[in-house]
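Notes follow the structure.
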Amino acid sequence: MTKLHFSGPLMLRLKSFATLNRIAISTYLRHAVGRRLAPDWDANLEIGIRFVRHQFTAAMTGGDIARGRLLFDSVQPETDDVYDVSKELTADPNGCWYRPKAESSGVTLLYLHGGGYTFHGGVSARFAAMLAHHTGASVFAPDYRLTPEHPHPAQAEDAFAAWTYVTQTVAPKDIVVIGDSAGGHMSLMLLQTLKAQGLEQPALCIGLCPWTDIGDRGASLRDNDRFDLVRGWMALKFGEWLDPEGAFGREALSPIYQDYRGLAPIYLQAGGREVLRDMIVEFAQVQKEKGADISIDVWPDMPHVFQAYDGLKASSAEALENIVAAIKAHTEQK
């Protein structure tokens, strides 16, 4: 079962709720006549994917990204999972600490949220709380600057500022950098920043469905369009907003072109039905050939950032268990 979280202007809430109901009715009718998006997906999963895809599309093409963000956040489907986590806002840098009431880990997570570097909605806050709950660790999530208003290097600067802030009180060997989607990109690029600065690496870097190339790479970028909540054209648009006019260049801003030998161990997760699948798998292969310490798990039945389904889907629950296991395996907190 899922629940709905409403926020923002009433008119946008009503508009999004009407859209959700229209998509739900259409999907139930399609399933009734055997027209499923995927044969092993139930109607509720398909409704959620279609709705989030619609909201992303409307937000990105409406001409006003600030209003688009409000629209995207106006109705957020959530699982019934309960996270017993406290929140503590910070001002320098802007962000939030998520601390599990039953803290059981000496590790600290630096969580860099997804959203194509353009969105930072309630879904990201819930994702951070989910990570704190399942890992038993304190999680710091910076509220970094967003595109298209703030292109590169704003996000890289804010990631480094967040790292500097956390390392004031926590040793790098006790820090795990983790990010989903664009946050996965941000996490991987942070390792390169630390390398360039001659600074100590974290104990582990975890990329959850990470964006590994800001350009056009992999057949899944289009072949999985029909399954995923993010479409290939969206990934390319996010790349354009990150680097307007190609001022820095695709190779400089894409993890797949970097060298991760000798840096922090990297653990990746991907969904077999997400548009980024091929570039994630290729990134792992390329870096393994270069000698990087990297591992990857792929769940064939899942879309982008499927970890957020938590207890709703067996694959998501397994992915979260694997995250916990990876953290324990790469830190002294065993």
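In the structure tokens, each chain is lettered A, B, ... as it comes, each chain's residues begin at 1, and ligands are numbered from 1 in order of appearance.
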
Residues of segment 162-234 of chain A within 12 Å of segment 48-53 of chain A: nearest atom pair and distance (Å, one decimal) for each, counting only C-alpha atoms, sorted by chain and number, as JSON lines?
{"residue": "A:Asp225", "atom": "CA", "partner": "A:Arg53", "partner_atom": "CA", "distance": 9.9}
{"residue": "A:Arg226", "atom": "CA", "partner": "A:Arg50", "partner_atom": "CA", "distance": 9.3}
{"residue": "A:Phe227", "atom": "CA", "partner": "A:Ile49", "partner_atom": "CA", "distance": 7.8}
{"residue": "A:Asp228", "atom": "CA", "partner": "A:Ile49", "partner_atom": "CA", "distance": 6.6}
{"residue": "A:Leu229", "atom": "CA", "partner": "A:Arg53", "partner_atom": "CA", "distance": 4.4}
{"residue": "A:Val230", "atom": "CA", "partner": "A:Arg53", "partner_atom": "CA", "distance": 5.9}
{"residue": "A:Arg231", "atom": "CA", "partner": "A:Arg53", "partner_atom": "CA", "distance": 7.7}
{"residue": "A:Gly232", "atom": "CA", "partner": "A:Arg53", "partner_atom": "CA", "distance": 11.4}
{"residue": "A:Trp233", "atom": "CA", "partner": "A:Arg53", "partner_atom": "CA", "distance": 11.8}
{"residue": "A:Met234", "atom": "CA", "partner": "A:Arg53", "partner_atom": "CA", "distance": 10.0}

request  = Fewer than 6 positions away in the same chain doesn't count, so skip those; otherwise give me all residues within 9 Å of Asp143 of chain A, counting only C-alpha atoms, as a PyMOL selection string.
outcome  = chain A and resi 93-96+112-113+120+158

Create the file for the chosen residues now, containing N, CA and C atoms and written as an mmCIF file, in the first residue's frame.
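The resulting again-v8.cif:
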data_model
loop_
_atom_site.group_PDB
_atom_site.id
_atom_site.type_symbol
_atom_site.label_atom_id
_atom_site.label_comp_id
_atom_site.auth_asym_id
_atom_site.auth_seq_id
_atom_site.Cartn_x
_atom_site.Cartn_y
_atom_site.Cartn_z
ATOM 1 N N PRO A 93 27.103 24.544 6.119
ATOM 2 C CA PRO A 93 26.316 24.750 4.904
ATOM 3 C C PRO A 93 24.828 24.436 5.117
ATOM 4 N N ASN A 94 24.005 24.906 4.200
ATOM 5 C CA ASN A 94 22.579 24.596 4.262
ATOM 6 C C ASN A 94 22.380 23.097 4.077
ATOM 7 N N GLY A 95 21.587 22.520 4.945
ATOM 8 C CA GLY A 95 21.342 21.092 4.844
ATOM 9 C C GLY A 95 20.560 20.590 6.031
ATOM 10 N N CYS A 96 20.587 19.295 6.238
ATOM 11 C CA CYS A 96 19.837 18.692 7.334
ATOM 12 C C CYS A 96 20.515 17.403 7.785
ATOM 13 N N LEU A 112 24.035 12.747 -0.936
ATOM 14 C CA LEU A 112 23.848 13.747 -1.981
ATOM 15 C C LEU A 112 22.625 13.339 -2.803
ATOM 16 N N HIS A 113 21.588 14.146 -2.731
ATOM 17 C CA HIS A 113 20.294 13.752 -3.287
ATOM 18 C C HIS A 113 20.255 13.813 -4.814
ATOM 19 N N HIS A 120 14.748 19.221 -5.816
ATOM 20 C CA HIS A 120 15.048 18.811 -4.444
ATOM 21 C C HIS A 120 13.733 18.797 -3.688
ATOM 22 N N ASP A 158 29.588 22.777 -3.706
ATOM 23 C CA ASP A 158 28.738 22.512 -2.548
ATOM 24 C C ASP A 158 28.984 21.111 -1.985
#

request  = Provide the atom CA of Ala284 of chain A to atom CA of Pro210 of chain A distance in Å, to one decimal place.
outcome  =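 Rounded to one decimal, the two atoms are 11.0 Å apart.
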
query = When DSSP works through the backbone of this structure, what residues of segment 76-191 of chain A end up as strand (DSSP E or B), shown as a PyMOL selection string?
reply = chain A and resi 76-79+85-91+94-100+108-112+138-142+175-180

key: Leu20 of chain A environment, 9 Å, only C-alpha atoms, sequence neighbours closer than 2 positions dropped, as a list in words   =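 With the cut-off at 9 Å, the set is Lys15, Ser16, Phe17, Ala18, Arg22, Ile23, Ala24, Ile25, Ile47, Gly48, Arg50, Phe51 and Val75 of chain A.
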
All residues 8 Å or closer to segment 250-253 of chain A, only C-alpha atoms, same chain fewer than 6 positions away omitted, as a PyMOL selection string = chain A and resi 189+213-215

Residues from the last selection, N, CA and C atoms, saved as a PDB file, in the first residue's frame:
ATOM      1  N   MET A 189      32.021  12.239  -8.517  1.00  0.00           N
ATOM      2  CA  MET A 189      32.877  13.371  -8.858  1.00  0.00           C
ATOM      3  C   MET A 189      33.548  13.963  -7.621  1.00  0.00           C
ATOM      4  N   ASP A 213      27.376   9.493 -17.149  1.00  0.00           N
ATOM      5  CA  ASP A 213      27.764  10.223 -18.362  1.00  0.00           C
ATOM      6  C   ASP A 213      26.691  11.259 -18.632  1.00  0.00           C
ATOM      7  N   ILE A 214      27.089  12.541 -18.701  1.00  0.00           N
ATOM      8  CA  ILE A 214      26.090  13.591 -18.916  1.00  0.00           C
ATOM      9  C   ILE A 214      25.684  13.690 -20.383  1.00  0.00           C
ATOM     10  N   GLY A 215      26.295  12.851 -21.241  1.00  0.00           N
ATOM     11  CA  GLY A 215      25.956  12.840 -22.654  1.00  0.00           C
ATOM     12  C   GLY A 215      25.130  11.628 -23.042  1.00  0.00           C
TER      13      GLY A 215
END

task = Identify which of the residues A:Gly106, A:Pro151, A:Pro142, A:Pro300 lies closest to Leu89 of chain A, counting only C-alpha atoms when measuring atom-to-atom distances.
result =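 Closest to Leu89 of chain A, using only C-alpha atoms: A:Pro142.
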
request  = Have a look at atom CA of Ala203 of chain A and atom CA of His330 of chain A and let me know their distance in Å, one decimal.
outcome  =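 Result for atom CA of Ala203 of chain A versus atom CA of His330 of chain A: 6.2 Å, one decimal.
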
ask   = Which is closer to Gly121 of chain A than all the others in A:Glu318, A:Asp243, A:Glu332, A:Asp73, using only C-alpha atoms?
value = A:Asp73

Distance query Val275 of chain A at most 6 Å, only C-alpha atoms, self and fewer than 5 positions along chain excluded, as an mmCIF file with C-alpha atoms, in the first residue's frame:
data_model
loop_
_atom_site.group_PDB
_atom_site.id
_atom_site.type_symbol
_atom_site.label_atom_id
_atom_site.label_comp_id
_atom_site.auth_asym_id
_atom_site.auth_seq_id
_atom_site.Cartn_x
_atom_site.Cartn_y
_atom_site.Cartn_z
ATOM 1 C CA SER A 220 18.880 1.794 -22.575
ATOM 2 C CA LEU A 221 18.763 5.603 -22.624
ATOM 3 C CA ASN A 224 13.891 1.757 -21.442
#
